[in-house]
file protein-v2.pdb (PDB, C-alpha atoms and all ligand atoms)
ATOM      1  CA  MET A   1     138.676-112.329 100.656
ATOM      2  CA  LYS A   2     141.407-113.384  98.215
ATOM      3  CA  THR A   3     142.123-111.661  94.925
ATOM      4  CA  MET A   4     142.081-114.273  92.197
ATOM      5  CA  PRO A   5     144.759-114.453  89.500
ATOM      6  CA  GLN A   6     143.174-114.268  86.057
ATOM      7  CA  VAL A   7     143.381-116.167  82.795
ATOM      8  CA  THR A   8     142.293-114.604  79.509
ATOM      9  CA  LEU A   9     140.053-116.669  77.250
ATOM     10  CA  PRO A  10     140.518-116.495  73.451
ATOM     11  CA  ASP A  11     137.722-113.884  73.153
ATOM     12  CA  GLY A  12     139.436-111.619  75.693
ATOM     13  CA  GLU A  13     137.216-112.375  78.688
ATOM     14  CA  SER A  14     139.043-112.786  82.007
ATOM     15  CA  VAL A  15     138.252-115.691  84.293
ATOM     16  CA  SER A  16     139.730-116.790  87.600
ATOM     17  CA  ALA A  17     142.706-119.107  87.469
ATOM     18  CA  TYR A  18     141.426-120.810  90.624
ATOM     19  CA  GLY A  19     138.123-122.625  90.972
ATOM     20  CA  GLN A  20     136.396-125.332  92.971
ATOM     21  CA  GLY A  21     135.836-128.870  91.689
ATOM     22  CA  THR A  22     132.792-130.986  92.534
ATOM     23  CA  TRP A  23     133.507-134.565  91.427
ATOM     24  CA  HIS A  24     132.177-137.082  94.006
ATOM     25  CA  MET A  25     129.909-134.454  95.497
ATOM     26  CA  GLY A  26     126.261-135.442  95.510
ATOM     27  CA  GLU A  27     126.988-139.159  95.744
ATOM     28  CA  SER A  28     125.303-139.362  99.126
ATOM     29  CA  ARG A  29     122.369-137.134 100.063
ATOM     30  CA  ASN A  30     123.694-137.245 103.653
ATOM     31  CA  HIS A  31     126.581-135.000 102.650
ATOM     32  CA  PHE A  32     124.544-132.527 100.588
ATOM     33  CA  ALA A  33     124.575-129.749 103.198
ATOM     34  CA  GLU A  34     128.238-130.201 104.094
ATOM     35  CA  GLU A  35     129.304-130.149 100.444
ATOM     36  CA  ALA A  36     127.208-127.078  99.679
ATOM     37  CA  ALA A  37     128.682-125.375 102.749
ATOM     38  CA  ALA A  38     132.245-126.051 101.547
ATOM     39  CA  LEU A  39     131.493-124.526  98.146
ATOM     40  CA  LYS A  40     129.779-121.586  99.821
ATOM     41  CA  LEU A  41     132.792-120.979 102.032
ATOM     42  CA  GLY A  42     135.007-120.968  98.933
ATOM     43  CA  ILE A  43     132.752-118.371  97.326
ATOM     44  CA  GLU A  44     132.829-116.216 100.475
ATOM     45  CA  LEU A  45     136.621-116.418 100.414
ATOM     46  CA  GLY A  46     136.668-115.128  96.837
ATOM     47  CA  ILE A  47     136.549-118.199  94.553
ATOM     48  CA  ASN A  48     134.166-117.342  91.749
ATOM     49  CA  LEU A  49     134.645-120.306  89.381
ATOM     50  CA  ILE A  50     132.985-123.678  89.969
ATOM     51  CA  ASP A  51     133.477-126.802  87.879
ATOM     52  CA  THR A  52     130.744-129.422  87.754
ATOM     53  CA  ALA A  53     129.200-131.926  85.325
ATOM     54  CA  GLU A  54     125.945-133.729  84.642
ATOM     55  CA  MET A  55     127.831-136.918  85.517
ATOM     56  CA  TYR A  56     128.802-135.935  89.074
ATOM     57  CA  GLY A  57     126.498-137.556  91.595
ATOM     58  CA  ASN A  58     124.134-138.248  88.671
ATOM     59  CA  GLY A  59     123.239-134.568  88.542
ATOM     60  CA  VAL A  60     123.123-134.004  92.296
ATOM     61  CA  ALA A  61     126.470-132.153  92.259
ATOM     62  CA  GLU A  62     124.795-129.535  90.047
ATOM     63  CA  GLU A  63     122.008-129.239  92.638
ATOM     64  CA  ILE A  64     124.649-128.682  95.317
ATOM     65  CA  VAL A  65     126.162-125.945  93.158
ATOM     66  CA  ALA A  66     122.701-124.361  92.890
ATOM     67  CA  GLU A  67     122.374-124.405  96.658
ATOM     68  CA  ALA A  68     125.838-122.917  97.211
ATOM     69  CA  THR A  69     125.428-120.182  94.605
ATOM     70  CA  LYS A  70     121.903-119.080  95.569
ATOM     71  CA  GLY A  71     121.631-115.300  95.384
ATOM     72  CA  ARG A  72     125.123-114.808  93.937
ATOM     73  CA  ARG A  73     124.883-116.282  90.458
ATOM     74  CA  ASP A  74     125.902-113.108  88.654
ATOM     75  CA  ALA A  75     129.281-112.974  90.383
ATOM     76  CA  LEU A  76     130.151-116.541  89.392
ATOM     77  CA  PHE A  77     131.546-118.434  86.415
ATOM     78  CA  ILE A  78     129.967-121.886  86.208
ATOM     79  CA  VAL A  79     131.466-124.700  84.171
ATOM     80  CA  SER A  80     129.537-127.885  83.405
ATOM     81  CA  LYS A  81     129.901-130.798  81.013
ATOM     82  CA  VAL A  82     127.858-132.960  78.711
ATOM     83  CA  LEU A  83     128.517-136.711  78.759
ATOM     84  CA  PRO A  84     129.781-138.089  75.452
ATOM     85  CA  TYR A  85     126.796-140.476  75.207
ATOM     86  CA  ASN A  86     124.484-137.455  75.171
ATOM     87  CA  ALA A  87     126.601-135.392  72.796
ATOM     88  CA  SER A  88     124.541-135.621  69.604
ATOM     89  CA  ARG A  89     123.163-132.239  68.482
ATOM     90  CA  GLN A  90     119.767-132.723  70.124
ATOM     91  CA  GLY A  91     121.183-134.707  73.050
ATOM     92  CA  THR A  92     123.602-131.890  73.876
ATOM     93  CA  ILE A  93     120.784-129.347  73.895
ATOM     94  CA  GLU A  94     118.606-131.525  76.114
ATOM     95  CA  ALA A  95     121.455-132.371  78.506
ATOM     96  CA  CYS A  96     122.252-128.680  78.866
ATOM     97  CA  GLU A  97     118.643-127.819  79.603
ATOM     98  CA  LYS A  98     118.563-130.446  82.343
ATOM     99  CA  SER A  99     121.800-129.080  83.793
ATOM    100  CA  LEU A 100     120.348-125.552  83.742
ATOM    101  CA  ASN A 101     117.316-126.794  85.692
ATOM    102  CA  ARG A 102     119.452-128.513  88.298
ATOM    103  CA  LEU A 103     121.787-125.528  88.538
ATOM    104  CA  LYS A 104     118.750-123.212  88.825
ATOM    105  CA  THR A 105     120.283-120.780  86.373
ATOM    106  CA  ASP A 106     119.549-119.566  82.855
ATOM    107  CA  ARG A 107     123.105-119.960  81.536
ATOM    108  CA  ILE A 108     126.296-121.986  81.891
ATOM    109  CA  ASP A 109     129.420-119.879  81.421
ATOM    110  CA  LEU A 110     131.541-122.658  79.954
ATOM    111  CA  TYR A 111     130.065-125.924  78.693
ATOM    112  CA  LEU A 112     132.453-128.781  77.933
ATOM    113  CA  LEU A 113     132.282-132.085  76.104
ATOM    114  CA  HIS A 114     133.395-134.338  78.999
ATOM    115  CA  TRP A 115     135.458-136.666  76.838
ATOM    116  CA  ARG A 116     135.498-137.851  73.271
ATOM    117  CA  GLY A 117     132.760-140.368  72.473
ATOM    118  CA  SER A 118     131.174-141.767  69.352
ATOM    119  CA  HIS A 119     129.121-138.739  68.261
ATOM    120  CA  PRO A 120     130.880-136.784  65.499
ATOM    121  CA  PHE A 121     132.373-133.500  66.722
ATOM    122  CA  ALA A 122     130.249-131.621  64.162
ATOM    123  CA  GLU A 123     127.089-132.892  65.902
ATOM    124  CA  THR A 124     128.189-131.769  69.360
ATOM    125  CA  LEU A 125     129.336-128.446  67.959
ATOM    126  CA  ALA A 126     125.969-127.928  66.269
ATOM    127  CA  GLY A 127     124.378-128.387  69.706
ATOM    128  CA  PHE A 128     126.861-126.004  71.335
ATOM    129  CA  GLU A 129     126.234-123.387  68.594
ATOM    130  CA  ARG A 130     122.494-123.570  69.098
ATOM    131  CA  LEU A 131     122.887-123.253  72.879
ATOM    132  CA  GLN A 132     125.177-120.263  72.406
ATOM    133  CA  ARG A 133     122.734-118.569  70.053
ATOM    134  CA  ASP A 134     119.985-119.091  72.632
ATOM    135  CA  GLY A 135     122.160-117.621  75.421
ATOM    136  CA  LYS A 136     122.141-120.905  77.361
ATOM    137  CA  ILE A 137     125.913-121.279  77.275
ATOM    138  CA  ARG A 138     128.431-118.456  76.978
ATOM    139  CA  HIS A 139     131.551-120.386  75.898
ATOM    140  CA  HIS A 140     132.179-123.936  74.793
ATOM    141  CA  GLY A 141     135.140-126.188  75.484
ATOM    142  CA  VAL A 142     136.343-129.763  75.668
ATOM    143  CA  SER A 143     137.869-132.117  78.196
ATOM    144  CA  ASN A 144     140.329-134.999  78.062
ATOM    145  CA  PHE A 145     141.378-133.920  74.570
ATOM    146  CA  ASP A 146     144.870-134.754  73.448
ATOM    147  CA  ARG A 147     146.608-132.715  70.780
ATOM    148  CA  GLY A 148     145.187-134.734  67.873
ATOM    149  CA  ASP A 149     141.630-134.321  69.204
ATOM    150  CA  MET A 150     142.199-130.578  69.602
ATOM    151  CA  GLU A 151     143.443-130.296  66.033
ATOM    152  CA  GLU A 152     140.432-132.190  64.734
ATOM    153  CA  TRP A 153     138.000-130.077  66.787
ATOM    154  CA  ALA A 154     139.582-126.778  65.804
ATOM    155  CA  ARG A 155     139.556-127.748  62.116
ATOM    156  CA  LEU A 156     135.767-127.384  62.184
ATOM    157  CA  ASP A 157     134.552-123.793  61.862
ATOM    158  CA  ALA A 158     132.487-123.864  65.041
ATOM    159  CA  GLY A 159     135.340-125.540  66.913
ATOM    160  CA  LYS A 160     137.728-122.642  66.359
ATOM    161  CA  SER A 161     136.212-120.711  69.263
ATOM    162  CA  VAL A 162     137.004-123.465  71.793
ATOM    163  CA  ALA A 163     137.746-121.662  75.064
ATOM    164  CA  SER A 164     139.261-124.385  77.217
ATOM    165  CA  ASN A 165     140.552-127.939  77.411
ATOM    166  CA  GLN A 166     140.153-129.552  80.834
ATOM    167  CA  ILE A 167     142.775-132.253  81.370
ATOM    168  CA  LEU A 168     144.517-134.362  83.977
ATOM    169  CA  TYR A 169     147.607-132.319  84.779
ATOM    170  CA  ASN A 170     149.652-132.053  87.948
ATOM    171  CA  LEU A 171     153.244-132.585  89.114
ATOM    172  CA  THR A 172     152.899-136.362  88.821
ATOM    173  CA  ARG A 173     151.192-136.104  85.392
ATOM    174  CA  ARG A 174     153.392-133.753  83.430
ATOM    175  CA  GLY A 175     152.976-135.453  80.028
ATOM    176  CA  PRO A 176     150.596-132.822  78.584
ATOM    177  CA  ALA A 177     153.335-130.185  78.956
ATOM    178  CA  PHE A 178     155.053-131.798  75.977
ATOM    179  CA  ASP A 179     152.498-131.040  73.299
ATOM    180  CA  VAL A 180     148.818-130.429  74.076
ATOM    181  CA  ILE A 181     149.495-127.603  76.536
ATOM    182  CA  PRO A 182     151.882-125.684  74.240
ATOM    183  CA  TRP A 183     149.461-126.244  71.349
ATOM    184  CA  CYS A 184     146.611-124.698  73.378
ATOM    185  CA  ARG A 185     148.770-121.910  74.769
ATOM    186  CA  GLU A 186     149.792-120.778  71.279
ATOM    187  CA  ARG A 187     146.086-120.296  70.563
ATOM    188  CA  ASN A 188     145.163-118.736  73.946
ATOM    189  CA  ILE A 189     143.008-121.775  74.719
ATOM    190  CA  SER A 190     142.958-122.067  78.512
ATOM    191  CA  ILE A 191     143.886-125.301  80.252
ATOM    192  CA  MET A 192     141.889-126.421  83.261
ATOM    193  CA  ALA A 193     144.115-128.705  85.335
ATOM    194  CA  TYR A 194     141.929-131.338  86.949
ATOM    195  CA  SER A 195     142.906-133.534  89.897
ATOM    196  CA  PRO A 196     145.571-130.900  90.651
ATOM    197  CA  ILE A 197     146.647-132.704  93.824
ATOM    198  CA  GLU A 198     146.147-136.158  92.259
ATOM    199  CA  GLN A 199     143.138-136.684  94.536
ATOM    200  CA  GLY A 200     145.464-136.459  97.524
ATOM    201  CA  ARG A 201     147.742-139.328  96.445
ATOM    202  CA  MET A 202     150.772-137.106  95.811
ATOM    203  CA  LEU A 203     150.693-135.295  99.116
ATOM    204  CA  GLY A 204     153.047-137.662 100.946
ATOM    205  CA  HIS A 205     155.840-137.174  98.395
ATOM    206  CA  LYS A 206     159.125-136.271 100.065
ATOM    207  CA  ALA A 207     160.072-133.476  97.645
ATOM    208  CA  LEU A 208     156.737-131.721  98.088
ATOM    209  CA  GLY A 209     157.155-131.919 101.851
ATOM    210  CA  GLU A 210     160.664-130.468 101.650
ATOM    211  CA  VAL A 211     159.607-127.475  99.557
ATOM    212  CA  ALA A 212     156.564-126.927 101.783
ATOM    213  CA  ALA A 213     158.752-126.959 104.913
ATOM    214  CA  ARG A 214     160.821-124.033 103.555
ATOM    215  CA  TYR A 215     157.766-121.788 103.789
ATOM    216  CA  GLY A 216     155.757-123.382 106.574
ATOM    217  CA  THR A 217     153.145-124.289 103.946
ATOM    218  CA  THR A 218     151.675-127.664 103.005
ATOM    219  CA  PRO A 219     152.323-130.118 100.143
ATOM    220  CA  ALA A 220     148.887-129.328  98.660
ATOM    221  CA  GLN A 221     149.708-125.626  98.556
ATOM    222  CA  VAL A 222     153.034-126.332  96.815
ATOM    223  CA  ALA A 223     151.351-128.594  94.229
ATOM    224  CA  LEU A 224     148.721-125.929  93.495
ATOM    225  CA  ALA A 225     151.242-123.055  93.442
ATOM    226  CA  TRP A 226     153.297-125.010  90.888
ATOM    227  CA  LEU A 227     150.266-125.096  88.570
ATOM    228  CA  LEU A 228     149.147-121.532  89.242
ATOM    229  CA  ARG A 229     152.448-120.057  88.064
ATOM    230  CA  GLN A 230     151.867-121.405  84.543
ATOM    231  CA  ASP A 231     150.326-119.204  81.850
ATOM    232  CA  GLY A 232     146.764-119.869  80.837
ATOM    233  CA  MET A 233     146.290-122.442  83.630
ATOM    234  CA  ILE A 234     143.106-122.746  85.684
ATOM    235  CA  VAL A 235     143.247-125.078  88.711
ATOM    236  CA  ILE A 236     140.123-126.627  90.174
ATOM    237  CA  PRO A 237     140.887-128.493  93.407
ATOM    238  CA  LYS A 238     137.900-130.190  95.000
ATOM    239  CA  ALA A 239     137.349-129.981  98.725
ATOM    240  CA  SER A 240     134.320-131.056 100.716
ATOM    241  CA  LEU A 241     136.033-130.228 103.980
ATOM    242  CA  LYS A 242     136.146-126.581 104.928
ATOM    243  CA  GLU A 243     139.704-126.898 106.243
ATOM    244  CA  HIS A 244     140.792-128.155 102.822
ATOM    245  CA  VAL A 245     139.072-125.191 101.124
ATOM    246  CA  ARG A 246     141.006-122.777 103.355
ATOM    247  CA  GLU A 247     144.296-124.648 103.113
ATOM    248  CA  ASN A 248     144.232-124.895  99.334
ATOM    249  CA  LEU A 249     143.542-121.195  98.913
ATOM    250  CA  GLY A 250     146.829-120.557 100.714
ATOM    251  CA  ALA A 251     148.529-121.605  97.457
ATOM    252  CA  LEU A 252     147.718-118.140  96.133
ATOM    253  CA  ASP A 253     150.154-116.616  98.644
ATOM    254  CA  LEU A 254     153.050-118.895  97.738
ATOM    255  CA  THR A 255     155.618-117.946  95.104
ATOM    256  CA  LEU A 256     158.000-120.752  94.245
ATOM    257  CA  THR A 257     161.618-119.788  93.555
ATOM    258  CA  ALA A 258     163.866-121.103  90.783
ATOM    259  CA  ASP A 259     165.499-123.406  93.366
ATOM    260  CA  ASP A 260     162.124-124.795  94.434
ATOM    261  CA  LEU A 261     161.184-125.402  90.808
ATOM    262  CA  ALA A 262     164.493-127.144  90.105
ATOM    263  CA  ASP A 263     163.949-129.428  93.109
ATOM    264  CA  LEU A 264     160.439-130.235  91.924
ATOM    265  CA  ASP A 265     161.767-130.940  88.406
ATOM    266  CA  ARG A 266     164.235-133.431  89.845
ATOM    267  CA  ALA A 267     161.523-135.212  91.811
ATOM    268  CA  PHE A 268     158.862-134.987  89.091
ATOM    269  CA  PRO A 269     160.783-134.845  85.800
ATOM    270  CA  PRO A 270     159.244-132.940  82.875
ATOM    271  CA  PRO A 271     158.353-135.081  79.836
ATOM    272  CA  LYS A 272     161.092-135.807  77.311
ATOM    273  CA  GLY A 273     158.704-136.939  74.618
ATOM    274  CA  ARG A 274     155.085-137.538  73.732
ATOM    275  CA  THR A 275     152.937-139.656  76.012
ATOM    276  CA  SER A 276     149.231-140.262  75.641
ATOM    277  CA  LEU A 277     146.951-138.186  77.819
ATOM    278  CA  GLY A 278     145.923-139.768  81.115
ATOM    279  CA  MET A 279     142.367-139.704  82.356
ATOM    280  CA  LEU A 280     140.723-140.288  85.718
TER     281      LEU A 280
HETATM  282  N1  LIG B   1     137.025-133.471  83.146
HETATM  283  C1  LIG B   1     137.273-134.592  83.786
HETATM  284  O1  LIG B   1     137.247-135.684  83.226
HETATM  285  C2  LIG B   1     137.593-134.513  85.243
HETATM  286  C3  LIG B   1     138.162-135.627  85.904
HETATM  287  C4  LIG B   1     138.495-135.484  87.255
HETATM  288  C5  LIG B   1     138.236-134.296  87.908
HETATM  289  N2  LIG B   1     137.633-133.242  87.246
HETATM  290  C6  LIG B   1     137.322-131.970  87.941
HETATM  291  O2  LIG B   1     138.460-131.522  88.654
HETATM  292  C7  LIG B   1     138.161-131.409  90.037
HETATM  293  C8  LIG B   1     139.372-131.713  90.879
HETATM  294  O3  LIG B   1     139.836-133.037  90.666
HETATM  295  P1  LIG B   1     139.593-134.250  91.696
HETATM  296  O4  LIG B   1     138.406-133.991  92.495
HETATM  297  O5  LIG B   1     139.650-135.479  90.864
HETATM  298  O6  LIG B   1     140.899-134.281  92.587
HETATM  299  P2  LIG B   1     141.721-133.246  93.479
HETATM  300  O7  LIG B   1     141.130-131.898  93.480
HETATM  301  O8  LIG B   1     143.137-133.406  93.065
HETATM  302  O9  LIG B   1     141.576-133.910  94.933
HETATM  303  C9  LIG B   1     140.362-133.970  95.631
HETATM  304  C10 LIG B   1     140.541-134.890  96.832
HETATM  305  O10 LIG B   1     141.616-134.417  97.637
HETATM  306  C11 LIG B   1     141.126-134.086  98.937
HETATM  307  N3  LIG B   1     141.772-132.838  99.338
HETATM  308  C12 LIG B   1     141.489-131.591  98.892
HETATM  309  N4  LIG B   1     142.310-130.696  99.457
HETATM  310  C13 LIG B   1     143.118-131.386 100.292
HETATM  311  C14 LIG B   1     144.164-131.022 101.152
HETATM  312  N5  LIG B   1     144.549-129.754 101.267
HETATM  313  N6  LIG B   1     144.790-132.001 101.852
HETATM  314  C15 LIG B   1     144.422-133.297 101.739
HETATM  315  N7  LIG B   1     143.436-133.717 100.927
HETATM  316  C16 LIG B   1     142.785-132.755 100.209
HETATM  317  C17 LIG B   1     139.641-133.951  98.833
HETATM  318  O11 LIG B   1     139.061-134.290 100.074
HETATM  319  P3  LIG B   1     137.695-133.643 100.628
HETATM  320  O12 LIG B   1     136.741-133.572  99.477
HETATM  321  O13 LIG B   1     137.303-134.590 101.695
HETATM  322  O14 LIG B   1     137.996-132.278 101.173
HETATM  323  C18 LIG B   1     139.323-134.943  97.738
HETATM  324  O15 LIG B   1     139.269-136.249  98.273
HETATM  325  C19 LIG B   1     137.005-132.413  90.212
HETATM  326  O16 LIG B   1     136.332-132.265  91.431
HETATM  327  C20 LIG B   1     136.202-132.121  88.987
HETATM  328  O17 LIG B   1     135.461-130.929  89.132
HETATM  329  C21 LIG B   1     137.347-133.337  85.932
END

call {"tool": "encode", "arguments": {"input": "protein-v2.pdb", "output": "structure tokens"}}
result
Amino acid sequence: MKTMPQVTLPDGESVSAYGQGTWHMGESRNHFAEEAAALKLGIELGINLIDTAEMYGNGVAEEIVAEATKGRRDALFIVSKVLPYNASRQGTIEACEKSLNRLKTDRIDLYLLHWRGSHPFAETLAGFERLQRDGKIRHHGVSNFDRGDMEEWARLDAGKSVASNQILYNLTRRGPAFDVIPWCRERNISIMAYSPIEQGRMLGHKALGEVAARYGTTPAQVALAWLLRQDGMIVIPKASLKEHVRENLGALDLTLTADDLADLDRAFPPPKGRTSLGML
């Protein structure tokens, strides 16, 4: 069982810096058991944070999470998301209640607005506040928010307690390091790095392979270790295959040196200026 590195949320609560993603789970009922088993293995190996969303598998991913977490809910930190189309005050409350039913739990630990839509932030926040008062969500956050969106959200009273911003961030997508990440870090707002291995597309990169070879590790472990060494960063790789769950966890045992980091910087240069936030 691995010991998880921790990230501190703005209210002082500690959460794991390593979690399991669930996008594309639940898209075929045939894989339900296999996907639940992968999540369950992750939990047995010590991963206690799971990221899901009402969107994933049209709600079935949340049912898979329920299956995987049966009997161990209290030890886990569950993140889910409301779709922007549902994010009016009442729509947010109703979407959350449906997620709670599918997740077979009475609370979501962190509930995110999946991306910015047409409902005013004040509406979504009114829904989040109500859900928090009723104990149905413990923290609220956002996703796919660039710096300007964060500023706008945090200008509203209820938005000041935003706990996390979940964004596309990995070695091949370093743009957010220029402004939205520092902005969040200054305010202790955690960053959840999604698609941390670029959905597998980055794994054949020569530089990743070279660093991995120095330690007898794998490119995925190097890509995850690079994220895990950053303050306030939560990584949420998704793996339906048990061997991927095990392999990715190996990133926790890898400490990259200054030379490794310099080599990675050469291959994947840090941003020199502002770029708009990518989204998958
Ligand atoms: N907020 C948002 O808008 C947003 C957007 C995207 C993602 N997310 C969240 O972030 C999570 C992670 O992102 P992601 O799923 O897009 O991408 P990812 O975690 O970068 O990559 C997942 C893909 O890589 C494969 N994989 C995992 N470990 C591997 C390994 N060691 N070697 C080779 N292939 C490996 C997986 O295969 P198998 O499944 O077959 O094992 C899967 O196809 C999502 O699942 C979701 O929870 C959020």

call {"tool": "resolve_selection", "arguments": {"input": "protein-v2.pdb", "expression": "the PyMOL selection byres (((chain A and resi 208-211) around 12) and not hetatm)", "output": "VMD selection string"}}
result
chain A and resid 171 to 172 197 201 to 207 212 to 226 254 to 268

call {"tool": "closest_residue", "arguments": {"input": "protein-v2.pdb", "among": "A:Asn144, A:Thr124, A:Gln90, A:Thr69", "to": "ligand LIG 1 (chain B)", "atoms": "all atoms listed in the file"}}
result
A:Asn144

call {"tool": "axis_aligned_box", "arguments": {"input": "protein-v2.pdb", "around": "ligand LIG 1 (chain B)", "padding_each_side": "8 Å", "output": "lines of an AutoDock Vina configuration file"}}
result
center_x = 140.1
center_y = -133.0
center_z = 92.5
size_x = 25.3
size_y = 22.5
size_z = 34.7

call {"tool": "atom_distance", "arguments": {"input": "protein-v2.pdb", "atom1": "atom CA of Glu34 of chain A", "atom2": "atom CA of Asn58 of chain A"}}
result
17.9 Å

call {"tool": "resolve_selection", "arguments": {"input": "protein-v2.pdb", "expression": "the PyMOL selection byres (((chain A and resi 28) around 12) and not hetatm)", "output": "VMD selection string"}}
result
chain A and resid 24 to 27 29 to 35 56 to 61 64

call {"tool": "atom_distance", "arguments": {"input": "protein-v2.pdb", "atom1": "atom C4 of ligand LIG 1 (chain B)", "atom2": "atom CA of Lys104 of chain A"}}
result
23.3 Å

call {"tool": "atom_distance", "arguments": {"input": "protein-v2.pdb", "atom1": "atom C8 of ligand LIG 1 (chain B)", "atom2": "atom CA of Ala239 of chain A"}}
result
8.3 Å

call {"tool": "build_atoms", "arguments": {"input": "protein-v2.pdb", "residues": "segment 247-259 of chain A", "atoms": "N, CA, C and O atoms", "output": "PDB file, in the frame of the given file"}}
result
ATOM      1  N   GLU A 247     142.878-124.299 103.321  1.00  0.00           N
ATOM      2  CA  GLU A 247     144.296-124.648 103.113  1.00  0.00           C
ATOM      3  C   GLU A 247     144.690-124.445 101.647  1.00  0.00           C
ATOM      4  O   GLU A 247     145.705-123.825 101.354  1.00  0.00           O
ATOM      5  N   ASN A 248     143.866-124.947 100.748  1.00  0.00           N
ATOM      6  CA  ASN A 248     144.232-124.895  99.334  1.00  0.00           C
ATOM      7  C   ASN A 248     144.348-123.459  98.827  1.00  0.00           C
ATOM      8  O   ASN A 248     145.216-123.138  98.018  1.00  0.00           O
ATOM      9  N   LEU A 249     143.481-122.599  99.327  1.00  0.00           N
ATOM     10  CA  LEU A 249     143.542-121.195  98.913  1.00  0.00           C
ATOM     11  C   LEU A 249     144.866-120.535  99.282  1.00  0.00           C
ATOM     12  O   LEU A 249     145.290-119.559  98.650  1.00  0.00           O
ATOM     13  N   GLY A 250     145.524-121.092 100.299  1.00  0.00           N
ATOM     14  CA  GLY A 250     146.829-120.557 100.714  1.00  0.00           C
ATOM     15  C   GLY A 250     147.860-120.646  99.593  1.00  0.00           C
ATOM     16  O   GLY A 250     148.871-119.946  99.616  1.00  0.00           O
ATOM     17  N   ALA A 251     147.603-121.484  98.594  1.00  0.00           N
ATOM     18  CA  ALA A 251     148.529-121.605  97.457  1.00  0.00           C
ATOM     19  C   ALA A 251     148.683-120.266  96.739  1.00  0.00           C
ATOM     20  O   ALA A 251     149.722-119.994  96.125  1.00  0.00           O
ATOM     21  N   LEU A 252     147.667-119.428  96.835  1.00  0.00           N
ATOM     22  CA  LEU A 252     147.718-118.140  96.133  1.00  0.00           C
ATOM     23  C   LEU A 252     148.767-117.210  96.746  1.00  0.00           C
ATOM     24  O   LEU A 252     149.193-116.251  96.109  1.00  0.00           O
ATOM     25  N   ASP A 253     149.168-117.484  97.980  1.00  0.00           N
ATOM     26  CA  ASP A 253     150.154-116.616  98.644  1.00  0.00           C
ATOM     27  C   ASP A 253     151.576-117.141  98.509  1.00  0.00           C
ATOM     28  O   ASP A 253     152.503-116.571  99.064  1.00  0.00           O
ATOM     29  N   LEU A 254     151.731-118.248  97.810  1.00  0.00           N
ATOM     30  CA  LEU A 254     153.050-118.895  97.738  1.00  0.00           C
ATOM     31  C   LEU A 254     153.679-118.679  96.362  1.00  0.00           C
ATOM     32  O   LEU A 254     153.086-119.016  95.340  1.00  0.00           O
ATOM     33  N   THR A 255     154.888-118.095  96.364  1.00  0.00           N
ATOM     34  CA  THR A 255     155.618-117.946  95.104  1.00  0.00           C
ATOM     35  C   THR A 255     156.837-118.850  95.155  1.00  0.00           C
ATOM     36  O   THR A 255     157.693-118.693  96.032  1.00  0.00           O
ATOM     37  N   LEU A 256     156.884-119.802  94.252  1.00  0.00           N
ATOM     38  CA  LEU A 256     158.000-120.752  94.245  1.00  0.00           C
ATOM     39  C   LEU A 256     159.212-120.104  93.569  1.00  0.00           C
ATOM     40  O   LEU A 256     159.074-119.395  92.563  1.00  0.00           O
ATOM     41  N   THR A 257     160.388-120.350  94.126  1.00  0.00           N
ATOM     42  CA  THR A 257     161.618-119.788  93.555  1.00  0.00           C
ATOM     43  C   THR A 257     162.175-120.745  92.492  1.00  0.00           C
ATOM     44  O   THR A 257     161.733-121.902  92.376  1.00  0.00           O
ATOM     45  N   ALA A 258     163.213-120.262  91.797  1.00  0.00           N
ATOM     46  CA  ALA A 258     163.866-121.103  90.783  1.00  0.00           C
ATOM     47  C   ALA A 258     164.436-122.365  91.437  1.00  0.00           C
ATOM     48  O   ALA A 258     164.390-123.456  90.852  1.00  0.00           O
ATOM     49  N   ASP A 259     164.964-122.226  92.666  1.00  0.00           N
ATOM     50  CA  ASP A 259     165.499-123.406  93.366  1.00  0.00           C
ATOM     51  C   ASP A 259     164.398-124.411  93.687  1.00  0.00           C
ATOM     52  O   ASP A 259     164.575-125.621  93.523  1.00  0.00           O
TER      53      ASP A 259
END
